[in-house]
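Asker: Take a look at the following structure, please.
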Amino acid sequence: MASSLEHLGTDHVDSYVLHGPASGYGWTDDDAEVWAAMAQEREAGRTRLLGVSNVSPRHLEQMAATGAEAPAFVQNRCFARLGWDRAVRSFCMERKIVYQGFSLLTANPEVLRHPLVAGIAARAKATPAQVVFRFAQAVGILPLTGTSDAEHMKQDLASRDLALSADEVRAIESLVG
């Protein structure tokens, strides 16, 4: 952490993320050790929030079963064809953990091209990307965007003002997952 803080020119970071626990099959003793070290960094004031990324429901269930502190957020790649990560989102919602979805656009080109999304975008005078981001927000996903394009950033933020009906949200959620 010290090296990262030095390179960033700051005395703390807002969030510290355990990217992909050690095992694809579940939470391990190594993960628990790293998580405890991350908590010490937070207690020392060098970070504010702790999160995990690229986790399955099994990871989260095993983590909880060990008595480990729950993460403040979970960051997962979110594929429509895999149900928009419903099981992890549900786990997070039940425990008041923020679910952050990444690759919402790049992982789901078929959704961006789908006639349903195109129709909603036309009706709302929005882009298909804005429809996907608004859908994500409607189902409890905090969308993470990786754009560095100023216009795309403005469009992404404008998605918050887009109105989707409950029927449209259900239709998008069931498109391919």
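Letters for chains follow the order of the structure tokens (A, B, ...), residue numbers begin at 1 for each chain, and ligand numbers begin at 1 in the order shown.
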Find the spatial neighbours of Ile120 in chain A, counting only C-alpha atoms, within a cut-off of 9 Å - ignore same-chain residues fewer than 5 positions away - and output them as a compact mmCIF listing (two decimals) with N, CA and C atoms, in the first residue's frame.
Answerer:
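Result went into part.txt, see below:
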# COMPACT_ATOMS: atom_id res chain seq x y z
N PRO A 115 -33.34 -5.10 -30.82
CA PRO A 115 -34.43 -4.19 -31.22
C PRO A 115 -35.19 -3.58 -30.02
N LYS A 125 -35.16 9.15 -26.70
CA LYS A 125 -34.15 10.03 -27.27
C LYS A 125 -32.82 9.87 -26.51
N ALA A 126 -32.44 8.61 -26.39
CA ALA A 126 -31.23 8.25 -25.65
C ALA A 126 -30.40 7.30 -26.50
N THR A 127 -29.22 6.97 -26.02
CA THR A 127 -28.39 5.98 -26.70
C THR A 127 -28.68 4.60 -26.11
N PRO A 128 -28.39 3.54 -26.85
CA PRO A 128 -28.53 2.20 -26.27
C PRO A 128 -27.69 2.04 -25.01
N VAL A 131 -29.55 3.37 -22.12
CA VAL A 131 -30.63 2.45 -21.73
C VAL A 131 -30.07 1.33 -20.87
N LEU A 164 -37.44 4.38 -17.33
CA LEU A 164 -37.81 3.07 -17.87
C LEU A 164 -39.00 2.56 -17.08
N GLU A 168 -40.35 -2.50 -19.12
CA GLU A 168 -39.12 -2.40 -19.90
C GLU A 168 -37.93 -2.99 -19.15
Asker: Which residues are near Tyr16 in chain A? Cut-off 8 Å, only C-alpha atoms, ignore same chain within fewer than 4 positions. Put them as a list in words.
Answerer: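 Listed by chain and then number, they are Met38, Thr47, Arg48, Leu49, Leu50 and Gly51 of chain A.
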Asker: Could you check which of A:Ala118, A:Val111, A:Val176, A:Ala87 is closest to Arg58 in chain A, using only C-alpha atoms?
Answerer: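 Of A:Ala118, A:Val111, A:Val176, A:Ala87, the one nearest Arg58 in chain A, counting only C-alpha atoms, is A:Ala87.
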Asker: Show me a table, sorted first by chain and then by increasing residue number, of the residues of range 29-92 of chain A having an atom at most 9 Å from range 135-151 of chain A, each with its shortest atom pair and the distance in Å to one decimal, counting only C-alpha atoms and written as a tab-separated table.
Answerer:
residue	atom	partner	partner_atom	distance
A:Gln75	CA	A:Leu144	CA	8.7
A:Trp84	CA	A:Ala136	CA	8.8
A:Arg89	CA	A:Gly140	CA	7.4
Asker: Please save N, CA and C atoms of the selected residues as a compact mmCIF listing (two decimals), in the first residue's frame.
Answerer:
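Ended up saving to selection_19.txt:
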# COMPACT_ATOMS: atom_id res chain seq x y z
N GLN A 75 -17.45 -5.84 -7.08
CA GLN A 75 -17.32 -5.45 -8.49
C GLN A 75 -17.23 -6.71 -9.33
N TRP A 84 -27.25 -11.41 -15.82
CA TRP A 84 -26.85 -10.15 -15.18
C TRP A 84 -26.36 -10.38 -13.76
N ARG A 89 -25.90 -10.40 -7.17
CA ARG A 89 -26.68 -9.19 -6.87
C ARG A 89 -27.63 -9.44 -5.72
Asker: What residues in range 17-104 of chain A get the DSSP label helix (DSSP H, G or I)? Please answer as a PyMOL selection string.
Answerer: chain A and resi 29-43+57-65+80-94
Asker: Using only C-alpha atoms, which of the listed residues (A:Leu105, A:Ser3, A:Arg46, A:Ser15) sits closest to Pro71 in chain A?
Answerer: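 Checking each candidate against Pro71 in chain A, we get A:Ser15 as the closest.
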